[in-house]
Every structure is written in structure tokens, then in C-alpha cells.
Amino acid sequence: MSKICTAGEAMAIVDDGDMIAAHNWGISGSPGYLFRALVERGVKDLTLCIPNLIPLPEGFVERGLTDPTILIPQLKKIISPFIGARGILSSISETFLSTLAKEGRLEIETSTHGILMERLYAGAMGLGGIYSPVGVGTIIAKSKEKRTIDGVGYIFEKPLRPDVGLIKADKADTLGNLVYRGSARGANPVIAMASKYTIVEVFDVVEPGELEPEMIVTPGVFVDRVVRIPDEDVYSGKRRPELMKILTEVMLARGG
Amino acid sequence: MSKICTAGEAMAIVDDGDMIAAHNWGISGSPGYLFRALVERGVKDLTLCIPNLIPLPEGFVERGLTDPTILIPQLKKIISPFIGARGILSSISETFLSTLAKEGRLEIETSTHGILMERLYAGAMGLGGIYSPVGVGTIIAKSKEKRTIDGVGYIFEKPLRPDVGLIKADKADTLGNLVYRGSARGANPVIAMASKYTIVEVFDVVEPGELEPEMIVTPGVFVDRVVRIPDEDVYSGKRRPELMKILTEVMLARGG
Amino acid sequence: MKDRLTEELLAMRAAQEIRPGDYCNVGVGLPQLCASHVPTGAIVQAENGTLGYGPLVGLDNVDEMDLDFIDAGGSFFTTAPGMAFFDILTSFVMIRSGRLKSFLGGLQVSEKGDLAIHSLSSVDKFPQIGGSMDLAWGAKRLIVLMTHNTKDGVSKVVKKLTLPVSARACVDLIITDLAVIEVTSSGLMLKEYAPGWTPHEVQAQTDAQLILANNVKEIEF
Amino acid sequence: MKDRLTEELLAMRAAQEIRPGDYCNVGVGLPQLCASHVPTGAIVQAENGTLGYGPLVGLDNVDEMDLDFIDAGGSFFTTAPGMAFFDILTSFVMIRSGRLKSFLGGLQVSEKGDLAIHSLSSVDKFPQIGGSMDLAWGAKRLIVLMTHNTKDGVSKVVKKLTLPVSARACVDLIITDLAVIEVTSSGLMLKEYAPGWTPHEVQAQTDAQLILANNVKEIEF
């Protein structure tokens with residue numbers, strides 16, 4: 001009955017063909033530890049909903065950090081507003097993506113950050129669809145229903161209801177209540193609400209009552225499994241100063 | 001440029017015919033101080049969106065407290081899931097409402113709590129409409145477009161974009177960032193997001209930096225005017241213990 | 001006339017449907033009585049924005065009353081470790097996303113699990129729907145608590161609703177002061193009956209046709 | 001050839017559009033340079049979830065870098081009194097609800113204020129739209145910053161877009177390294193031109209027809 005488990009145990013819920021949602025906007029707030037566990041789970045034909053699919057710059061992967069591009073071999077489809085990054089998409093991932101996309105084995109659905117968020121929200125709320133104002137007449141609208149309401153053009157967007165949400169928070173209590181830190185909050189709260197099953201990786205697990213009730217951003221009802229990142233892992237809370245040092249070095253090396 | 005002002009000054013924005021949104025679910029979190037100011041403003045033909053329109057039980061009004069029924073003479077329409085209360089709708093308000101409704105001078109639009117919330121959210125997000133699953137085949141669906149999507153029935157709900165949102169928070173900083181307390185949070189955050197102009201009443205105003213950035217529920221961008229309830233007013237922070245005493249007396253008198 | 005379950009006993013039986021780890025919402029009225037019988041490890045939601053609050057304030061602890069700690073029915077609650085506050089939009093995401101067991105009152109339930117919870121007259125006068133239609137639609141499992149018959153003896157468990165529908169095909173389990181009835185794809189299945197009654201006697205009080213469960217038995221507490 | 005505005009000067013001119021009390025979003029690229037010229041009392045939003053953050057971390061204060069404090073472009077920011085954190089859903093409510101002045105880059109702007117911000121080729125390969133279409137649609141006022149011409153000298157201020165549209169009739173003001181142009185219902189109005197240039201010379205670099213503002217003048221800093 002406890003929600004606390006290992007990443008491996010939590011991943012047992014993921015099946016071939018599932019729709020997965022995860023956050024990515026830089027390292028912070030992106031569930032890198034769970035991405036590794038999902039690779040180990042070895043399932044295939046996944047659909048990934050993710051605000052960005054941005055590979056880590058040089059200097060990070062060598063140090064054991066991962067980015068969501070490690071999931072690519074397991075994907076059949078990506079729904080994302082942003083894939084790659086200005087100049088830092090590693091040649092390996094780029095070749096991989098292009099090849100898959102060209103061969104029609106990997107479907108890529110373009111979106112915008114706002115549309116992805118509203119589709120996840122619509123899924124959480126049980127809506128059948130929404131008329132969204134963004135992207136009318138653009139590539140986003142391609143083969144979508146159009147409608148004019150009160151003189152304004154809209155396109156029909158369908159809800160997203162991922163089978164499994166992989167999220168990251170700063171701390172959880174044993175009931176699954178979550179708090180985040182800074183811009184690491186990201187899309188994690190809406191992914192937790194929209195997903196049928198939510199797995200969170202956290203730096204720390206505390207007892208109920210240790211998180212101020214006003215500060216809880218994701219109430220435990222949206223969280224099914226809580227995975228504490230082991231202290232020895234590069235993603236752990238203990239090793240954050242080290243991670244910070246790597247970042248500083250990379251930044252200084254790049255000259256800002 | 002400061003957002004801090006008196007209730008009277010803030011109310012100058014309200015015009016005849018405006019759509020107003022406010023929270024009501026008991027005394028706590030409902031902007032009673034601003035309701036009085038809106039009465040003084042004297043505008044008419046307002047539409048009021050409110051989760052509940054519940055009059056205060058006997059013993060409160062006599063002590064200077066108000067409830068949203070004082071707005072009734074200024075309304076042409078109410079959009080609400082719940083009007084009245086089990087046995088405590090004062091005979092005055094009840095007569096008033098019935099008369100107005102019967103004479104066709106006051107239109108009442110039935111909704112549900114979930115639908116009201118999602119319509120406000122849709123307004124905030126700029127959507128043209130949503131397909132909502134609740135109320136299919138019921139009084140809620142009357143004269144609304146129906147649609148079956150992937151085998152499930154939905155009704156078309158239109159967004160609500162109130163001209164003015166009247167909300168209540170525990171504390172504001174001078175930038176309009178807000179924190180709430182307990183169940184007083186209510187519909188206040190979504191009303192702030194959905195309204196074109198948001199006025200908040202608060203117990204206290206503090207300097208920027210005094211509210212922990214992680215705890216801010218409504219960021220200041222959604223708040224146009226901040227009204228600190230004067231210490232002498234029955235709604236003030238200073239007089240809360242007194243209010244609590246009244247409540248306790250009423251509760252004990254009712255026998256629980 | 002034989003005894004029917006008291007409201008308290010009905011609520012006790014209903015609370016047996018709550019398991020540790022469950023998140024549930026107990027509607028205003030009869031269902032609210034379940035709140036005092038929730039097992040340890042289950043968590044109650046108030047749709048006005050709290051999860052996991054403590055016991056309600058009674059006349060013996062009025063000093064613990066806090067103006068800002070009220071449940072959906074307007075009762076004051078005490079705090080509990082691990083409780084969380086949120087706004088009503090988030091609350092209805094919770095309700096709609098199928099993560100809550102819901103306990104609602106009812107005026108009628110049909111063979112297909114259609115629920116009537118609002119009488120036409122009250123709806124016509126002023127809307128008093130609140131969040132019940134959302135709770136009925138979104139529930140992971142919907143349990144309806146009601147008396148088996150109206151004061152005039154008319155069955156509330158019916159072939160077809162005669163009152164306006166609040167939500168179609170939504171009820172999973174009906175618990176009345178006479179019976180526990182499951183809504184199945186083949187119809188209403190009588191699983192338990194009030195102590196001292198027989199399935200036959202329960203059927204006699206019921207408009208809808210009841211199928212007897214294999215292991216039909218007396219309600220236990 | 002006459003001098004055009006440097007990127008820094010272009011950003012400085014654009015920042016004049018920000019008034020104390022404004023909430024604004026500065027897009028990745030050229031608009032980001034405005035951030036260092038925001039007047040006191042104006043507040044910058046990062047669409048990944050922060051409002052009112054402090055100056056960016058530079059090479060001289062790397063020790064202030066915090067892994068969890070990054071803006072939309074991935075730069076680290078310092079804290080500031082009154083800043084607020086929120087999730088990306090709330091961030092896009094903010095963006096869509098018309099409360100922000102947006103500064104975006106652009107590839108082309110048309111006479112009607114249509115904006116092209118993504119080239120067809122990059123969109124075809126991998127989507128890199130991000131939040132720009134939301135920012136363009138939802139802006140209280142949309143200011144586009146771009147060079148007046150491509151590297152090959154082709155005008156980016158055009159009669160009709162030749163690149164795929166990102167959002168229609170959304171641009172309010174165009175600020176280029178040659179001119180400040182307002183999108184009005186009667187067409188594009190030249191309000192200011194780069195020091196040393198004449199309106200006639202700006203028109204010669206422009207595909208779209210420019211209307212001269214009554215008080216057309218040199219850009220001042």
C-alpha cells in the first residue's frame with residue numbers, strides 16, 4: 001500500500017504501446033533518473049509527450065547524466081513543440097531521429113507549449129476536445145477541424161491522457177504530496193494531473209505533516225509511486241553540488 | 001502605478017452591464033468587503049458568476065457581515081451551480097429572487113461547480129469553447145450543442161471571461177502576489193486568471209520578498225488592484241477573533 | 001413492520017467500501033456520515049479544496065474551530081498531518097480525472113445505473129446542483145446512499161427514472177436502508193439485505209427487477 | 001554603406017517600449033537582449049515558470065548559479081524580491097490571457113501584421129515552435145525585433161508573407177536595425193528611422209509600402 005518503491009518496481013506498470021508524458025526544459029525538473037529506468041524496462045512502441053526534447057550539451061552525458069533522447073529507440077511517436085536545440089543536438093541523436101522519421105518508423109507531431117499544456121489539462125478534466133486559438137492557418141492546424149466562434153478562428157485540439165506520467169519533484173511525503181523548487185516545477189504538476197498513473201522521482205521523502213499544507217503543489221491523490229533517487233546516483237540530492245560544479249565548468253568553458 | 005488603493009477607488013472600473021465573478025462558499029474566502037463597495041458603486045444590469053450564492057445564516061447579517069445576495073438588486077443575470085441553502089435562505093432574499101425570476105427581470109443560468117471552473121479556465125486560456133462530459137441529457141444540456149467524440153457524449157460549453165473579478169486573499173505584496181489560507185483559497189485563483197481586471201481584498205499587504213516565491217498561488221500579473229480591509233471593518237484581519245467568536249456562538253446556539 | 005437500517009448503520013455499511021489507500025469524496029447529507037467511519041490510510045477530499053483533513057469540530061472542541069478550515073458542507077475541520085489545500089479548479093480536476101471513490105445521496109437509481117439526485121422542482125426554482133454531477137461523472141467508483149423507499153413507500157430503485165436524470169450509467173453500487181445492490185451489465189444484483197429481511201421481501205419493496213447474487217447474505221457490520 | 005543599428009542598440013530602442021508596471025516576455029535570441037534594459041518597476045516573465053526574477057548570472061558571478069533557477073532560454077537567473085514560481089500550465093494561461101507585452105524575433109512581418117517566425121525547413125525537420133505561437137496570439141502588445149533585411153539584402157517587412165505564417169494579424173510594432181514601424185489598420189506606418197538614414201532610404205530597403213507618420217523622426221536612445 002506504500003507508494004514508496006524503487007524505479008525498477010515503479011516501471012513495471014509501463015507496457016508496450018503506452019503513452020508517456022514527461023517534463024524537459026534543461027536538466028532541472030526533468031526526470032533523468034526515471035528515463036534510465038524506462039530504458040531498462042525495455043518496452044517499445046511508446047508515444048512520448050514532452051514540452052521539449054533537448055539533448056544535454058557536451059560534457060554532461062560523459063558524466064553519467066541522461067536526457068530524454070535516450071528513449072528514442074523505444075518510441076513510435078513524439079508529441080512535442082520543440083525537438084533539438086540551437087546547435088547542441090548531438091550528431092548521434094540527430095542522425096537517429098532523421099533516419100527514423102524518414103523511414104516512417106517515428107512519427108513526430110508538432111505542437112506548441114501552450115497547446116500541449118491545454119491538451120494535458122483537457123485530459124485531466126475529462127474534456128472531449130477544445131477549440132484552441134493558437135496556430136490557426138499554420139502547420140499546427142494541418143488536418144485539424146476549424147471553427148469560427150464569435151468571429152474568431154479556432155482549431156479543434158484533442159485531450160491527452162497519458163498512460164504513465166514520469167515526473168520529478170524536490171520532495172515528497174509518504175502520501176505522495178509534492179513540492180517543487182524554482183523553475184524545476186515546469187510541466188510536472190499538469191503531467192501528474194493528466195496521467196492515469198504518475199511516478200515521481202524525488203531528492204527526499206519526508207513524513208506526512210513535514211510539508212506545509214499551503215505549499216503542496218501536487219496533492220498526493222495524483223501520485224501513484226514515489227521513487228527516492230539513491231544517494232550514490234549522479235541525480236541524487238547528495239550529489240547536486242557536484243552537478244552544479246560540472247555545470248559551472250561547462251559554462252566557464254563555453255565562455256558564458 | 002501602485003496597485004494599492006481603497007475599495008471605492010478600485011470599484012470605479014465597474015460599469016453597468018459588466019460580468020462580475022466572485023467566490024462564495026461560506027464566509028471564508030468570499031470578498032464581503034468588496035461586495036459592499038460594489039453596492040455603493042451603484043452600477044446595474046450586472047451578470048454575476050459565482051460558485052454558490054448562499055446567504056449567511058441568522059445572526060451574522062445583524063453584526064455587519066454581508067453575503068452576495070446584497071448584490072441581487074444590481075443583477076440582470078446569475079450564473080451559478082448553487083443558489084440558496086438548505087433552510088437558511090432568508091425569506092427576504094427568497095422572495096426577492098422568486099419575484100425577479102418570475103418577472104423575467106433576473107435570468108438564472110444553471111451550472112455545476114466543475115463546469116463553472118472549466119469555463120473560467122477556458123476564458124483565461126483564450127479558448128473558443130470546450131466539449132464537457134458533465135450534464136449530458138440533463139437540464140444543464142438544455143439548448144446546448146451536443147457531440148459524441150470517441151463514443152462518449154459531450155456538451156459544448158462556452159468560456160467565461162468576466163470583466164471584473166472580485167477576489168479575497170490572505171496577504172498580498174505590493175506587486176499583487178497573493179497567498180491564501182486553507183479552504184479560503186476556493187475559486188479565487190481561477191477567477192483572478194479568467195477576469196480581465198482583478199480586484200483583491202486582503203487582510204495584510206507586505207513588501208515584495210516577504211512572501212516565499214514557492215508559496216505564491218496567484219502571481220501579481222493577474223491582480224490589478226489590492227485593497228487592504230481597514231482595521232475598523234468587521235472583515236478586517238484585526239477583527240477576525242471577534243468574527244470567530246460570533247461563529248462559535250451561532251454554532252453553539254444551533255447545537256452544532 | 002420490520003426495522004430498516006438507521007442512517008448511522010447505513011453509513012457504517014457504506015464506509016466498508018472504503019479501503020486503506022483510497023481517496024474519497026463524501027457528499028453532503030447521508031454520505032457525510034461515512035466520514036466518521038473512514039478506515040486509517042484512506043483520505044477524504046472536500047471539493048472546496050482540501051485533501052486529508054482531520055475529524056470535524058464538534059461542540060466539545062469549538063476552540064479548535066478555524067474560520068478558514070471548512071469542508072464542502074460548511075462544517076469546520078481540524079488539521080491532520082499530510083493534508084493539502086488547493087483551489088476549486090484543481091479540486092474538480094481531481095474529481096473529473098477518475099481518482100476518487102464518490103459517495104453521493106440520491107432520489108432514484110435506475111437498472112442502468114442512471115442517477116437522479118435533484119428534483120425537478122428545486123432545479124426549476126433555483127439551481128442547487130453544486131458539484132454532484134461532476135462527482136457522479138468522474139468517480140472511479142460511485143456509491144449511492146439513500147433510503148430504499150420514499151416516505152410514501154415508493155421505491156427509489158427503479159426500472160427507469162421518473163425524476164430528471166443527473167448522470168447516466170454512473171452508479172456502481174447502491175446502499176439503502178434495506179439492501180446493498182450492485183449495478184452490473186446484466187442488471188441490478190442484490191448482494192446483501194438488511195438483518196431480519198429476506199431477498200423476496202426486499203424485491204417486494206423494489207420497482208426494479210433484482211438479480212440474486214450467488215452469495216447473497218445479510219448485511220454485516 | 002550606411003550603418004544600421006547594432007543588436008544592442010536595437011534592443012535598447014525596443015526596451016523603450018517597456019513601461020514601469022508592465023509585465024513582459026522577451027523571447028529567446030535578439031529580444032533577450034532587452035532584458036538588461038528593462039526599466040525599474042517592469043516585470044519579466046519566463047514562460048518556463050518564473051515572474052520577476054533578477055539579473056542573469058554572468059561569468060563574474062557563477063557562484064550565484066542555482067540549478068533550479070533557469071529562464072526559458074536556459075540561462076541562470078538570480079533571485080529578486082517579489083518573484084514568483086508557477087507551473088507551465090499557469091504560465092501559458094498568463095501568456096494567453098492577454099496580460100503580457102511580448103517581444104519576439106521574426107523572419108518576416110506582413111502589412112497586415114502577420115508574423116513568420118519559423119522557417120519551413122526547420123519545422124519540417126523537427127518542430128521548434130516552442131511557445132512562440134502562444135506568445136504571438138496572446139500578447140497584450142506584440143513587438144517584433146529583427147534585422148530589416150536578410151543577409152542577402154531581401155526585405156523582411158513584406159506585403160505578403162512568403163514563409164509559413166506563425167500567427168496572423170498579431171504584430172503591433174516592428175523594430176528593426178533600420179526603423180520603427182507600427183502596424184495600423186491602414187497599413188505599416190514608419191514612425192522612426194535609424195540615425196543617418198532617411199524615410200526614403202528605409203522605404204527602398206522595404207518590400208511593403210510604408211506610410212509616413214506625421215511626426216516621423218530619427219530613433220533616439
# chains A, B, ... in the order shown; residues from 1 in each chain; ligands from 1
>>> residues_around(residues="Leu135 in chain D", least_positions_apart="5", cutoff="8 Å", atoms="only C-alpha atoms", output="PyMOL selection string")
chain D and resi 95-96+102
>>> interface_residues(of="chain A", to="chain C", cutoff="9 Å", atoms="only C-alpha atoms", output="PyMOL selection string")
chain A and resi 1-2+121+123-126+173-175+177+193-196+207-222
>>> write_last_selection(atoms="C-alpha atoms", output="short mmCIF file (atom, residue, chain, number, x, y, z; two decimals), in the first residue's frame")
data_model
loop_
_atom_site.label_atom_id
_atom_site.label_comp_id
_atom_site.auth_asym_id
_atom_site.auth_seq_id
_atom_site.Cartn_x
_atom_site.Cartn_y
_atom_site.Cartn_z
CA MET A 1 0.00 0.00 0.00
CA SER A 2 3.01 2.28 0.42
CA TYR A 121 -5.26 19.85 -18.83
CA GLY A 123 -7.30 15.19 -20.50
CA ALA A 124 -7.17 15.64 -16.73
CA MET A 125 -10.57 17.39 -16.73
CA GLY A 126 -12.21 14.68 -18.85
CA ASP A 173 5.90 12.98 1.78
CA THR A 174 4.97 9.30 2.08
CA LEU A 175 1.41 10.16 0.94
CA ASN A 177 2.23 15.13 -1.70
CA MET A 193 -2.96 15.54 -13.09
CA ALA A 194 -3.37 14.31 -16.65
CA SER A 195 -1.73 10.90 -16.38
CA LYS A 196 -3.61 7.77 -15.43
CA GLU A 207 6.79 12.15 6.82
CA PRO A 208 3.22 13.49 6.41
CA GLY A 209 2.99 16.85 8.13
CA GLU A 210 6.53 17.93 7.26
CA LEU A 211 5.33 19.71 4.11
CA GLU A 212 3.34 22.85 4.85
CA PRO A 213 -0.24 22.18 3.52
CA GLU A 214 -0.33 25.57 1.77
CA MET A 215 2.91 24.82 -0.07
CA ILE A 216 1.95 21.45 -1.53
CA VAL A 217 1.68 21.97 -5.27
CA THR A 218 0.72 18.43 -6.32
CA PRO A 219 -1.61 16.74 -3.81
CA GLY A 220 -0.85 13.06 -3.24
CA VAL A 221 -4.02 11.84 -4.97
CA PHE A 222 -2.30 12.49 -8.31
#
>>> residues_around(residues="Ala21 in chain A", least_positions_apart="6", cutoff="10 Å", atoms="only C-alpha atoms", output="list of chain:residue names")
A:Thr47, A:Leu48, A:Cys49, A:Ile50, A:Pro51, A:Ile78, A:Ile79, A:Leu120, A:Leu160, A:Arg161, A:Pro162, A:Asp163, A:Val164, A:Gly165, A:Leu166, A:Ile167, A:Ala187, A:Asn188, A:Val190, A:Ile191, A:Ala192, A:Ala194, A:Ser195, A:Thr198
>>> write_last_selection(atoms="C-alpha atoms", output="compact mmCIF listing (two decimals), in the first residue's frame")
# COMPACT_ATOMS: atom_id res chain seq x y z
CA THR A 47 4.39 7.66 -27.51
CA LEU A 48 6.20 10.45 -25.68
CA CYS A 49 4.53 13.79 -24.83
CA ILE A 50 7.18 16.25 -23.76
CA PRO A 51 7.43 20.06 -23.84
CA ILE A 78 6.79 12.05 -30.22
CA ILE A 79 4.34 14.85 -29.44
CA LEU A 120 -2.96 17.69 -20.94
CA LEU A 160 -4.05 13.96 -23.96
CA ARG A 161 -4.46 11.36 -21.22
CA PRO A 162 -1.06 9.68 -20.88
CA ASP A 163 -0.97 6.15 -19.50
CA VAL A 164 2.03 6.97 -17.36
CA GLY A 165 3.45 10.31 -16.24
CA LEU A 166 7.11 10.45 -15.29
CA ILE A 167 7.72 13.48 -13.14
CA ALA A 187 5.10 20.85 -16.58
CA ASN A 188 5.37 18.33 -13.76
CA VAL A 190 -0.04 19.17 -15.06
CA ILE A 191 1.53 15.87 -16.14
CA ALA A 192 0.68 14.46 -12.69
CA ALA A 194 -3.37 14.31 -16.65
CA SER A 195 -1.73 10.90 -16.38
CA THR A 198 2.05 9.00 -12.07
>>> residues_around(residues="Ser236 in chain A", least_positions_apart="3", cutoff="12 Å", atoms="only C-alpha atoms", output="mmCIF file with C-alpha atoms, in the first residue's frame")
data_model
loop_
_atom_site.group_PDB
_atom_site.id
_atom_site.type_symbol
_atom_site.label_atom_id
_atom_site.label_comp_id
_atom_site.auth_asym_id
_atom_site.auth_seq_id
_atom_site.Cartn_x
_atom_site.Cartn_y
_atom_site.Cartn_z
ATOM 1 C CA PRO A 31 13.163 13.007 -14.557
ATOM 2 C CA GLY A 32 16.516 11.757 -15.816
ATOM 3 C CA TYR A 33 16.698 9.013 -13.213
ATOM 4 C CA LEU A 65 23.700 12.350 -16.908
ATOM 5 C CA LYS A 168 10.315 14.998 -10.852
ATOM 6 C CA ALA A 169 9.796 16.943 -7.645
ATOM 7 C CA ASP A 170 12.015 18.300 -4.916
ATOM 8 C CA LYS A 171 10.392 16.479 -2.007
ATOM 9 C CA GLU A 201 11.445 10.864 -8.666
ATOM 10 C CA VAL A 202 12.449 12.996 -5.677
ATOM 11 C CA PHE A 203 15.553 14.029 -3.800
ATOM 12 C CA ASP A 204 13.916 13.397 -0.440
ATOM 13 C CA VAL A 227 10.968 6.930 -6.073
ATOM 14 C CA ARG A 228 13.728 8.415 -3.936
ATOM 15 C CA ILE A 229 16.892 8.790 -6.019
ATOM 16 C CA PRO A 230 19.601 6.736 -4.266
ATOM 17 C CA ASP A 231 22.386 8.807 -2.685
ATOM 18 C CA GLU A 232 25.072 7.261 -4.881
ATOM 19 C CA ASP A 233 23.321 8.200 -8.129
ATOM 20 C CA ARG A 239 25.374 14.872 -5.436
ATOM 21 C CA ARG A 240 23.737 18.128 -6.507
ATOM 22 C CA PRO A 241 26.743 20.281 -5.528
ATOM 23 C CA GLU A 242 28.847 18.086 -7.809
ATOM 24 C CA LEU A 243 26.318 18.545 -10.628
#
>>> closest_atom_pairs(of="chain A", to="chain B", cutoff="8 Å", atoms="only C-alpha atoms", output="Markdown table")
| residue | atom | partner | partner_atom | distance |
| --- | --- | --- | --- | --- |
| A:Gly126 | CA | B:Pro133 | CA | 6.7 |
| A:Leu127 | CA | B:Ser132 | CA | 4.9 |
| A:Gly128 | CA | B:Tyr131 | CA | 5.1 |
| A:Gly129 | CA | B:Tyr131 | CA | 5.3 |
| A:Ile130 | CA | B:Ile130 | CA | 4.3 |
| A:Tyr131 | CA | B:Gly128 | CA | 5.1 |
| A:Ser132 | CA | B:Leu127 | CA | 4.9 |
| A:Pro133 | CA | B:Leu127 | CA | 6.1 |
| A:Ile149 | CA | B:Gly128 | CA | 6.2 |
| A:Val152 | CA | B:Gly128 | CA | 7.9 |
| A:Tyr154 | CA | B:Gly128 | CA | 6.6 |
| A:Tyr180 | CA | B:Glu214 | CA | 7.9 |
| A:Arg181 | CA | B:Glu214 | CA | 7.1 |
| A:Gly182 | CA | B:Glu214 | CA | 7.1 |
| A:Glu214 | CA | B:Gly182 | CA | 7.1 |
| A:Met215 | CA | B:Met215 | CA | 5.4 |
>>> write_last_selection(atoms="all heavy atoms", output="CSV table (one decimal), in the first residue's frame")
chain,number,residue,atom,x,y,z
A,126,GLY,N,-11.2,15.6,-18.2
A,126,GLY,CA,-12.2,14.7,-18.9
A,126,GLY,C,-12.9,15.3,-20.0
A,126,GLY,O,-14.0,14.8,-20.5
A,127,LEU,N,-12.3,16.4,-20.6
A,127,LEU,CA,-13.0,17.0,-21.7
A,127,LEU,C,-12.8,16.1,-23.0
A,127,LEU,O,-11.9,15.3,-23.1
A,127,LEU,CB,-12.4,18.4,-22.0
A,127,LEU,CG,-12.4,19.4,-20.8
A,127,LEU,CD1,-11.8,20.7,-21.2
A,127,LEU,CD2,-13.7,19.5,-20.2
A,128,GLY,N,-13.8,16.4,-24.0
A,128,GLY,CA,-13.7,15.6,-25.2
A,128,GLY,C,-12.9,16.3,-26.3
A,128,GLY,O,-12.4,15.7,-27.2
A,129,GLY,N,-12.6,17.6,-26.1
A,129,GLY,CA,-11.9,18.4,-27.0
A,129,GLY,C,-12.1,19.9,-26.7
A,129,GLY,O,-12.9,20.2,-25.9
A,130,ILE,N,-11.2,20.7,-27.3
A,130,ILE,CA,-11.3,22.1,-27.0
A,130,ILE,C,-11.0,22.9,-28.3
A,130,ILE,O,-10.4,22.4,-29.2
A,130,ILE,CB,-10.2,22.6,-26.0
A,130,ILE,CG1,-8.8,22.2,-26.5
A,130,ILE,CG2,-10.5,22.0,-24.6
A,130,ILE,CD1,-7.7,22.7,-25.5
A,131,TYR,N,-11.6,24.1,-28.4
A,131,TYR,CA,-11.3,24.9,-29.5
A,131,TYR,C,-10.2,25.9,-29.1
A,131,TYR,O,-10.5,26.8,-28.2
A,131,TYR,CB,-12.6,25.6,-30.0
A,131,TYR,CG,-13.5,24.7,-30.8
A,131,TYR,CD1,-14.6,24.2,-30.2
A,131,TYR,CD2,-13.1,24.2,-32.0
A,131,TYR,CE1,-15.4,23.3,-30.9
A,131,TYR,CE2,-13.9,23.3,-32.7
A,131,TYR,CZ,-15.0,22.8,-32.2
A,131,TYR,OH,-15.8,21.9,-32.8
A,132,SER,N,-9.1,25.8,-29.7
A,132,SER,CA,-7.9,26.5,-29.3
A,132,SER,C,-7.6,27.6,-30.3
A,132,SER,O,-7.7,27.3,-31.5
A,132,SER,CB,-6.7,25.5,-29.1
A,132,SER,OG,-5.5,26.2,-29.0
A,133,PRO,N,-7.2,28.7,-29.9
A,133,PRO,CA,-7.0,29.9,-30.8
A,133,PRO,C,-5.6,29.9,-31.5
A,133,PRO,O,-5.4,30.6,-32.5
A,133,PRO,CB,-7.1,31.1,-29.9
A,133,PRO,CG,-6.6,30.6,-28.6
A,133,PRO,CD,-6.9,29.2,-28.5
A,149,ILE,N,-15.8,31.0,-34.0
A,149,ILE,CA,-16.8,31.2,-32.9
A,149,ILE,C,-16.7,32.7,-32.5
A,149,ILE,O,-15.7,33.2,-32.2
A,149,ILE,CB,-16.4,30.3,-31.6
A,149,ILE,CG1,-16.4,28.8,-32.0
A,149,ILE,CG2,-17.4,30.6,-30.5
A,149,ILE,CD1,-15.8,27.9,-30.9
A,152,VAL,N,-14.0,34.7,-34.2
A,152,VAL,CA,-12.6,34.3,-34.0
A,152,VAL,C,-12.4,32.9,-34.5
A,152,VAL,O,-13.2,32.0,-34.3
A,152,VAL,CB,-12.1,34.5,-32.5
A,152,VAL,CG1,-10.7,34.1,-32.4
A,152,VAL,CG2,-12.4,35.9,-32.0
A,154,TYR,N,-10.7,29.2,-34.6
A,154,TYR,CA,-10.1,28.2,-33.6
A,154,TYR,C,-9.8,26.9,-34.3
A,154,TYR,O,-10.4,26.6,-35.4
A,154,TYR,CB,-11.1,28.0,-32.5
A,154,TYR,CG,-11.4,29.2,-31.6
A,154,TYR,CD1,-12.5,30.0,-32.0
A,154,TYR,CD2,-10.6,29.5,-30.6
A,154,TYR,CE1,-12.7,31.1,-31.2
A,154,TYR,CE2,-10.8,30.7,-29.8
A,154,TYR,CZ,-11.9,31.4,-30.1
A,154,TYR,OH,-12.2,32.6,-29.4
A,180,TYR,N,7.9,21.5,-5.3
A,180,TYR,CA,9.0,21.6,-6.3
A,180,TYR,C,9.9,22.8,-5.9
A,180,TYR,O,9.7,23.4,-4.8
A,180,TYR,CB,8.3,22.0,-7.6
A,180,TYR,CG,7.3,20.9,-8.0
A,180,TYR,CD1,6.0,21.0,-7.7
A,180,TYR,CD2,7.7,19.8,-8.8
A,180,TYR,CE1,5.0,20.0,-8.0
A,180,TYR,CE2,6.8,18.9,-9.2
A,180,TYR,CZ,5.5,18.9,-8.8
A,180,TYR,OH,4.6,18.0,-9.2
A,181,ARG,N,10.9,23.1,-6.7
A,181,ARG,CA,11.8,24.2,-6.4
A,181,ARG,C,12.1,25.0,-7.6
A,181,ARG,O,12.5,24.4,-8.6
A,181,ARG,CB,13.1,23.6,-5.8
A,181,ARG,CG,14.0,24.7,-5.3
A,181,ARG,CD,15.1,24.1,-4.4
A,181,ARG,NE,16.0,25.3,-4.0
A,181,ARG,CZ,16.9,25.7,-4.8
A,181,ARG,NH1,17.2,25.1,-5.9
A,181,ARG,NH2,17.6,26.8,-4.4
A,182,GLY,N,11.8,26.2,-7.6
A,182,GLY,CA,12.1,27.2,-8.7
A,182,GLY,C,11.5,26.7,-10.0
A,182,GLY,O,10.4,26.2,-10.1
A,214,GLU,N,-0.1,24.5,2.8
A,214,GLU,CA,-0.3,25.6,1.8
A,214,GLU,C,0.7,25.5,0.6
A,214,GLU,O,0.5,26.1,-0.4
A,214,GLU,CB,-0.2,27.0,2.4
A,214,GLU,CG,-1.1,27.3,3.6
A,214,GLU,CD,-2.5,27.4,3.1
A,214,GLU,OE1,-2.8,27.5,1.9
A,214,GLU,OE2,-3.4,27.5,4.0
A,215,MET,N,1.8,24.8,0.9
A,215,MET,CA,2.9,24.8,-0.1
A,215,MET,C,2.9,23.6,-1.0
A,215,MET,O,3.6,23.6,-2.0
A,215,MET,CB,4.2,24.8,0.7
A,215,MET,CG,4.7,26.1,1.1
A,215,MET,SD,6.5,26.1,1.5
A,215,MET,CE,7.3,26.1,-0.2
>>> residues_around(residues="Ser28 in chain A", least_positions_apart="6", cutoff="7 Å", atoms="only C-alpha atoms", output="list in words")
Ala184 of chain A; Leu67 and Asp68 of chain D
>>> select_by_dssp(residues="range 20-150 of chain B", states="alpha helix (DSSP H)", output="count of residues only")
35
>>> atom_distance(atom1="CA of Leu46 in chain A", atom2="CA of Lys77 in chain A")
6.7 Å
>>> atom_distance(atom1="CA of Met189 in chain D", atom2="CA of Ala42 in chain D")
26.9 Å
>>> residues_around(residues="Gly137 in chain A", least_positions_apart="3", cutoff="9 Å", atoms="only C-alpha atoms", output="list of chain:residue names")
A:Ile140, A:Ala141, A:Lys142, D:Val165, D:Ser166, D:Ala167, D:Arg168
>>> residues_around(residues="Pro195 in chain D", least_positions_apart="6", cutoff="12 Å", atoms="only C-alpha atoms", output="number ranges by chain")
D: 2-6, 9-10, 177-180, 201-202, 217-221
>>> select_by_dssp(residues="range 87-213 of chain D", states="strand (DSSP E or B)", output="PyMOL selection string")
chain D and resi 101-105+108-110+115-116+128+141-146+149+155+157-158+167+173-176+179-184+187-193+210-213
>>> atom_distance(atom1="CA of Glu8 in chain D", atom2="CA of Asn149 in chain D")
17.1 Å
